[in-house]
Structures are given as structure tokens and as C-alpha cells.
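Peer 1: This one is input.tsv, TSV, C-alpha atoms.
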```
chain	number	residue	atom	x	y	z
T	1	MET	CA	109.09	43.16	70.72
T	2	GLY	CA	110.58	43.96	74.11
T	3	GLU	CA	114.06	45.30	74.78
T	4	ARG	CA	116.40	44.23	71.98
T	5	ILE	CA	120.10	43.43	72.15
T	6	TYR	CA	122.34	42.94	69.16
T	7	GLY	CA	126.07	42.34	68.78
T	8	TYR	CA	127.71	38.99	69.54
T	9	HIS	CA	129.30	39.85	72.90
T	10	ALA	CA	126.33	41.88	74.10
T	11	ILE	CA	124.01	38.96	73.32
T	12	GLU	CA	126.35	36.57	75.16
T	13	GLU	CA	125.99	38.68	78.29
T	14	GLY	CA	122.27	39.25	77.74
T	15	LEU	CA	121.62	35.50	77.65
T	16	LYS	CA	123.06	35.17	81.16
T	17	LYS	CA	120.28	37.40	82.51
T	18	ALA	CA	117.44	36.73	80.10
T	19	PHE	CA	113.94	36.13	81.44
T	20	ALA	CA	111.77	33.19	80.51
T	21	GLY	CA	109.93	34.13	77.34
T	22	SER	CA	112.93	35.78	75.69
T	23	THR	CA	113.68	34.93	72.07
T	24	LEU	CA	116.94	34.74	70.16
T	25	TYR	CA	116.45	35.38	66.45
T	26	LEU	CA	119.19	34.01	64.18
T	27	VAL	CA	119.59	34.07	60.42
T	28	ARG	CA	119.55	30.65	58.84
T	29	ASN	CA	122.95	29.13	58.05
T	30	GLY	CA	124.66	31.86	60.03
T	31	GLY	CA	127.94	30.11	60.73
T	32	GLU	CA	129.90	28.92	63.75
T	33	LYS	CA	129.60	32.05	65.94
T	34	LEU	CA	125.83	32.12	65.65
T	35	SER	CA	125.73	28.39	66.34
T	36	ARG	CA	127.52	29.07	69.61
T	37	LEU	CA	124.90	31.67	70.49
T	38	GLU	CA	122.16	29.17	69.69
T	39	PHE	CA	123.78	26.58	71.97
T	40	ALA	CA	124.12	29.13	74.80
T	41	ALA	CA	120.48	30.17	74.41
T	42	ARG	CA	119.21	26.59	74.54
T	43	CYS	CA	121.35	25.90	77.62
T	44	THR	CA	119.51	28.61	79.56
T	45	GLY	CA	116.27	26.65	79.32
T	46	LYS	CA	114.46	30.00	79.13
T	47	VAL	CA	115.25	31.45	75.72
T	48	ALA	CA	113.50	30.31	72.56
T	49	VAL	CA	115.51	30.21	69.34
T	50	LYS	CA	113.94	31.16	66.02
T	51	LYS	CA	115.67	30.92	62.64
T	52	VAL	CA	114.64	33.61	60.17
T	53	SER	CA	115.79	34.94	56.82
T	54	ARG	CA	118.18	37.89	56.71
T	55	ASP	CA	115.48	40.05	55.12
T	56	GLU	CA	113.12	39.26	57.97
T	57	LEU	CA	115.75	40.10	60.57
T	58	ASP	CA	116.47	43.36	58.74
T	59	ARG	CA	112.78	44.25	59.03
T	60	MET	CA	112.79	43.41	62.74
T	61	ALA	CA	115.87	45.52	63.38
T	62	PRO	CA	115.82	48.40	60.87
T	63	GLY	CA	119.08	50.27	60.67
T	64	MET	CA	120.87	47.95	63.10
T	65	ASP	CA	124.15	46.22	62.34
T	66	HIS	CA	122.76	43.00	63.80
T	67	ARG	CA	125.28	40.61	62.17
T	68	GLY	CA	122.63	37.92	61.95
T	69	ALA	CA	121.50	37.81	65.58
T	70	LEU	CA	118.99	39.66	67.72
T	71	LEU	CA	117.97	38.92	71.31
T	72	ASP	CA	114.48	40.02	72.34
T	73	LEU	CA	114.24	40.09	76.12
T	74	GLY	CA	110.73	39.05	77.00
T	75	GLY	CA	109.24	37.57	80.14
T	76	PRO	CA	107.06	38.96	82.90
T	77	ARG	CA	108.55	42.44	82.62
T	78	LYS	CA	108.29	42.61	78.84
T	79	GLY	CA	109.12	46.07	77.58
T	80	ALA	CA	110.83	47.10	80.81
T	81	SER	CA	114.55	47.73	81.07
T	82	ARG	CA	116.77	44.75	81.92
T	83	LEU	CA	119.51	47.09	83.09
T	84	LYS	CA	120.23	47.53	86.78
T	85	GLU	CA	118.42	50.74	87.65
T	86	VAL	CA	118.00	52.22	91.14
T	87	SER	CA	117.31	55.64	92.57
T	88	VAL	CA	120.15	57.56	94.20
T	89	GLU	CA	118.26	57.29	97.48
T	90	GLU	CA	118.09	53.49	97.16
T	91	PHE	CA	121.79	53.36	96.35
T	92	LEU	CA	122.71	55.40	99.42
T	93	SER	CA	120.53	53.29	101.68
T	94	SER	CA	122.50	50.21	100.58
T	95	LEU	CA	125.79	51.67	101.86
T	96	SER	CA	127.01	51.13	105.40
T	97	ASP	CA	128.76	53.93	107.27
T	98	ASP	CA	132.18	52.44	106.51
T	99	ASP	CA	131.67	51.82	102.80
T	100	GLY	CA	133.62	53.75	100.21
T	101	ALA	CA	132.12	54.12	96.74
T	102	LEU	CA	132.73	55.62	93.33
T	103	VAL	CA	129.86	57.36	91.54
T	104	LEU	CA	130.09	58.62	87.97
T	105	VAL	CA	127.79	61.47	86.90
T	106	LEU	CA	127.36	62.04	83.15
T	107	ASP	CA	126.07	65.54	82.52
T	108	GLY	CA	124.53	65.41	79.05
T	109	ILE	CA	126.38	62.70	77.10
T	110	THR	CA	124.59	62.54	73.75
T	111	ASP	CA	126.59	60.01	71.74
T	112	PRO	CA	125.52	56.39	72.39
T	113	HIS	CA	129.00	55.17	71.45
T	114	ASN	CA	130.54	57.36	74.16
T	115	LEU	CA	128.03	56.17	76.74
T	116	GLY	CA	128.62	52.55	75.78
T	117	ALA	CA	132.39	52.96	76.07
T	118	ILE	CA	132.03	54.71	79.44
T	119	LEU	CA	129.82	51.94	80.80
T	120	ARG	CA	132.33	49.33	79.65
T	121	SER	CA	135.07	51.14	81.59
T	122	ALA	CA	132.75	51.64	84.55
T	123	ASP	CA	132.25	47.88	84.76
T	124	GLN	CA	136.00	47.24	84.56
T	125	PHE	CA	136.88	49.79	87.24
T	126	GLY	CA	134.07	48.78	89.58
T	127	VAL	CA	132.04	51.98	89.52
T	128	ASP	CA	129.24	51.62	92.06
T	129	LEU	CA	126.70	53.88	90.36
T	130	VAL	CA	126.40	55.81	87.08
T	131	ILE	CA	123.98	58.72	87.03
T	132	ILE	CA	122.54	60.08	83.78
T	133	PRO	CA	119.87	62.76	83.30
T	134	GLU	CA	116.44	61.89	82.00
T	135	ARG	CA	116.54	64.71	79.44
T	136	ARG	CA	119.20	66.04	77.04
T	137	SER	CA	121.14	62.80	77.28
T	138	VAL	CA	121.35	59.53	75.41
T	139	GLN	CA	119.75	56.66	77.30
T	140	ALA	CA	121.01	53.09	77.58
T	141	ASN	CA	119.59	51.83	74.28
T	142	GLU	CA	120.52	48.90	72.04
T	143	THR	CA	123.53	50.70	70.56
T	144	VAL	CA	124.86	51.53	74.03
T	145	VAL	CA	124.53	47.91	75.16
T	146	LYS	CA	126.33	46.69	72.04
T	147	VAL	CA	129.20	49.19	72.29
T	148	SER	CA	129.66	48.28	75.95
T	149	SER	CA	130.00	44.60	74.89
T	150	GLY	CA	127.24	43.79	77.37
T	151	ALA	CA	128.90	45.56	80.31
T	152	ALA	CA	125.93	47.95	80.49
T	153	GLN	CA	123.91	45.10	81.99
T	154	TYR	CA	126.25	44.92	84.99
T	155	VAL	CA	126.62	48.61	85.81
T	156	THR	CA	124.06	50.06	88.20
T	157	LEU	CA	122.35	53.09	86.66
T	158	SER	CA	120.24	55.89	88.03
T	159	VAL	CA	118.24	58.03	85.60
T	160	VAL	CA	117.42	61.32	87.31
T	161	THR	CA	115.45	64.47	86.57
T	162	ASN	CA	117.83	66.87	88.35
T	163	ILE	CA	121.56	66.15	88.54
T	164	SER	CA	122.33	69.02	90.94
T	165	ARG	CA	119.76	67.80	93.45
T	166	GLU	CA	121.21	64.27	93.39
T	167	ILE	CA	124.75	65.62	93.81
T	168	GLU	CA	123.57	67.48	96.90
T	169	ARG	CA	122.06	64.24	98.19
T	170	LEU	CA	125.38	62.44	97.66
T	171	LYS	CA	127.34	65.22	99.38
T	172	ALA	CA	125.03	64.97	102.39
T	173	SER	CA	126.08	61.31	102.61
T	174	GLY	CA	129.79	62.09	102.74
T	175	PHE	CA	130.72	62.15	99.05
T	176	TRP	CA	133.23	64.62	97.61
T	177	VAL	CA	132.55	65.75	94.06
T	178	TYR	CA	135.20	66.15	91.34
T	179	ALA	CA	134.34	67.94	88.10
T	180	ALA	CA	136.39	67.02	85.03
T	181	ASP	CA	137.59	70.11	83.17
T	182	MET	CA	140.74	70.92	81.21
T	183	ASN	CA	141.40	73.95	83.46
T	184	GLY	CA	141.40	71.98	86.72
T	185	SER	CA	144.13	70.65	88.99
T	186	PRO	CA	146.19	67.74	87.59
T	187	SER	CA	144.56	64.36	88.20
T	188	TYR	CA	147.82	62.66	89.16
T	189	GLY	CA	148.14	64.93	92.19
T	190	MET	CA	144.52	64.63	93.26
T	191	ASN	CA	143.78	62.74	96.46
T	192	PHE	CA	140.39	61.26	95.69
T	193	ASP	CA	138.25	60.65	98.75
T	194	ARG	CA	137.08	57.09	99.47
T	195	ARG	CA	133.57	58.35	98.67
T	196	SER	CA	133.98	60.15	95.38
T	197	VAL	CA	131.76	61.45	92.61
T	198	ILE	CA	133.39	62.13	89.23
T	199	VAL	CA	131.36	64.41	86.96
T	200	MET	CA	131.90	64.27	83.20
T	201	GLY	CA	130.37	66.89	80.93
T	202	SER	CA	128.82	66.70	77.50
T	203	GLU	CA	130.91	66.24	74.36
T	204	GLY	CA	130.44	69.84	73.21
T	205	SER	CA	129.75	72.20	76.10
T	206	GLY	CA	131.18	70.28	79.05
T	207	ILE	CA	129.66	70.45	82.53
T	208	SER	CA	126.75	72.85	82.97
T	209	SER	CA	127.38	75.86	85.19
T	210	LEU	CA	124.73	74.86	87.73
T	211	VAL	CA	126.18	71.36	88.14
T	212	ARG	CA	129.72	72.72	88.34
T	213	LYS	CA	128.77	75.03	91.22
T	214	ASN	CA	127.91	71.95	93.27
T	215	CYS	CA	131.32	70.32	92.73
T	216	ASP	CA	134.05	70.49	95.38
T	217	TYR	CA	137.08	70.19	93.08
T	218	VAL	CA	137.91	70.63	89.41
T	219	VAL	CA	140.32	68.04	88.01
T	220	SER	CA	142.10	67.87	84.67
T	221	ILE	CA	144.16	65.30	82.77
T	222	PRO	CA	147.61	66.65	81.81
T	223	MET	CA	148.30	66.22	78.08
T	224	ARG	CA	151.24	66.78	75.77
T	225	GLY	CA	149.68	66.29	72.36
T	226	HIS	CA	148.54	68.74	69.71
T	227	ILE	CA	144.80	68.32	70.32
T	228	ASP	CA	143.51	70.21	73.35
T	229	SER	CA	141.01	67.65	74.67
T	230	LEU	CA	140.32	63.95	75.00
T	231	ASN	CA	137.21	62.06	73.96
T	232	VAL	CA	134.90	62.01	76.98
T	233	SER	CA	134.90	58.21	77.22
T	234	VAL	CA	138.71	58.13	77.27
T	235	ALA	CA	138.87	60.91	79.87
T	236	ALA	CA	136.32	59.12	82.05
T	237	GLY	CA	138.37	55.92	81.92
T	238	ILE	CA	141.54	57.76	82.98
T	239	LEU	CA	139.83	59.39	85.96
T	240	MET	CA	138.27	56.10	87.06
T	241	TYR	CA	141.77	54.62	86.98
T	242	GLU	CA	143.16	57.53	89.02
T	243	PHE	CA	140.53	56.87	91.69
T	244	ARG	CA	141.24	53.13	91.77
T	245	LYS	CA	144.98	53.68	92.12
T	246	SER	CA	144.46	54.70	95.74
T	247	HIS	CA	141.25	52.83	96.61
```
Take the structure in the file and give it back as C-alpha cells.

Peer 2:
Amino acid sequence: MGERIYGYHAIEEGLKKAFAGSTLYLVRNGGEKLSRLEFAARCTGKVAVKKVSRDELDRMAPGMDHRGALLDLGGPRKGASRLKEVSVEEFLSSLSDDDGALVLVLDGITDPHNLGAILRSADQFGVDLVIIPERRSVQANETVVKVSSGAAQYVTLSVVTNISREIERLKASGFWVYAADMNGSPSYGMNFDRRSVIVMGSEGSGISSLVRKNCDYVVSIPMRGHIDSLNVSVAAGILMYEFRKSH
């Protein structure tokens, strides 16, 4: 099989971009929601629909909470990612001198549910590029696509080998870099530049020291509760909102 998508909403979005040769697998007698997916798949004119038993679908998607549906993205690029991936260099070359942009750098996010939630917010707040490292980080897998409700397929990603080097490349193109840390300046008083990079650290250890050295500012989210930190996906959403308030 090629890249697989499961989850009702994620499959809905995946069908909009599916290649010819893709296949939607549905359990027999799956009910009204799965019938709607079948109708959407047939309307594309590119996606085959196959009815299988639940046991067979379980074997095709071991350990997945597939809810009776699985989309296998096939076609001429079978096995390749259907997500929007570019290099940082390609992204920068697409910007004109007057363009503002918001880039989100994720320094070692390891939980696919956090990455999925971040990508969903990134789509809603119009993030222009999300950068994730090639190593020591979760990649945009089936769980991530499902948690994002399909939004992962609309967010432009760049998977890089060296975050610090790419931050330096962005700074050379006029970007200012803001590291998220609980000891930083309050986000509500931060004047985000029209070309901004927001760096979020890993769930446990935060931003690595080498990456932090390349950041221009450290920004925090003021809190009044009893717990001293926010989930990284929630914090990322708040900082994206703070940027969009003024841009």
C-alpha cells in the first residue's frame, strides 16, 4: 500500500487531492457516514472503492482506529508523501521583497497528536511554512493527518537536517526569530515582525540550546493557573494568534 489516511474528516480532505489509482477501502454495511465517503470517492472519478470485511481492514491497518474506512493514496507517485513539502530555499525563493510571512519551527516534537493539533492550527492561522527536523521528531504520519482532521495536507512542510542552519537562512532573508519559553517576555506585549519565525520546543526539554542561540527574542505566554506550562500545541496556537492579531 502507499500512504494511508484514516479518520472520516482526514479522508474527506484526502479525497480532494487523491491521485488516480488511489483506493478507498470501506467495511461492508458501514452506515450513512461511510456511504457519504463512498459517494465522494466515486465523484472524483479517480478513486476506486473496495468493500471489505472488518477483519480484513484490521489486517490492512493494524493498530489503527480506522472506524471502517481507509484511504490508500496511489497513483504515479505511489509511496511518496502527498503532503506539501518544499525546501526552505524553495520557500524563500517564492517570496517577493514585500511579502510578509509566518514560519513555525518545531524543535523536536515527538507526540503525533501534538504535531497533528499544531498543523490544524497552522492551517487555520495561515502559517506559510512549518519546519520539522528529520531526526528526533515525529514525522507527518497517518496519526498526524487524522488528528489534524486533514489540515496537514494543506500546510506547507519542510523536513530539514539542521534547524539552526535553516534559521540562519531565514534570518538572512529578513526574518526575526521568536523562541517560545516560559521565562521570556510576555507575548501580548511583543511586536511580531511581518516576517516572523516562531520556534516551539519539544514536550520535555524545550528548545535546544544551539537553536535558542540563533533566536532574536524569547517570548512567553502569561498564565494564572496552578500548572506551570501549557501543552505545546496549545501554546503554539496562542502564539500564532498573537502574530495574526497585528498582521

Peer 1: Name the closest residue to T:Asp65 among the candidates T:Ser246, T:Ser196, T:Ser173, T:Thr143; distances are taken between atoms, counting all atoms listed in the file.

Peer 2: T:Thr143

Peer 1: I'd like the neighbourhood of T:Met200 as a ChimeraX atom specification, where a residue qualifies if any of its atoms comes within 7 Å (using all atoms listed in the file), though same-chain residues fewer than 6 positions away should be ignored.

Peer 2: /T:105-107,179-180,207,236

Peer 1: May I have the selected residues written with C-alpha atoms, as a tab-separated table (two decimals), in the frame of the given file?

Peer 2:
```tsv
chain	number	residue	atom	x	y	z
T	105	VAL	CA	127.79	61.47	86.90
T	106	LEU	CA	127.36	62.04	83.15
T	107	ASP	CA	126.07	65.54	82.52
T	179	ALA	CA	134.34	67.94	88.10
T	180	ALA	CA	136.39	67.02	85.03
T	207	ILE	CA	129.66	70.45	82.53
T	236	ALA	CA	136.32	59.12	82.05
```

Peer 1: Excluding same-chain residues fewer than 5 positions from stretch 155-159 of chain T, what lies within 6 Å of it counting all atoms listed in the file, as a PyMOL selection string?

Peer 2: chain T and resi 84-87+123+129-134

Peer 1: Rank nothing, just name the residue among T:Leu104, T:Ile118, T:Val47, T:Ala61 nearest to T:Arg195, using all atoms listed in the file.

Peer 2: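 Ranking T:Leu104, T:Ile118, T:Val47, T:Ala61 by distance to T:Arg195, first place goes to T:Leu104.
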
Peer 1: One decimal, in Å: what's the spacing between atom CA of T:Ala235 and atom CA of T:Asp181?

Peer 2: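 Between these atoms lies a distance of 9.9 Å.
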
Peer 1: Identify which of the residues T:Glu89, T:Glu38, T:Asp193, T:Glu12 lies closest to T:Val160, counting only C-alpha atoms when measuring atom-to-atom distances.

Peer 2: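 Of all the options, T:Glu89 lies closest to T:Val160.
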
Peer 1: Taking (122.6, 42.5, 76.8) as a centre in this file's frame and 10 Å as the limit, can you find every polymer residue with an atom that close, using only C-alpha atoms, and give them as number ranges by chain?

Peer 2: T: 3-18, 71-73, 82-83, 142, 144-146, 148-154

Peer 1: What is the atom CA of T:Ser96 to atom CA of T:Ala122 distance in Å?

Peer 2: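 These two atoms are separated by 21.6 Å.
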
Peer 1: Would you please work out which residue, of T:Val147, T:Ile198, T:Val49, T:Val138, is nearest to T:Thr110 when using only C-alpha atoms?

Peer 2: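 Ranked by minimum distance to T:Thr110, first place goes to T:Val138.
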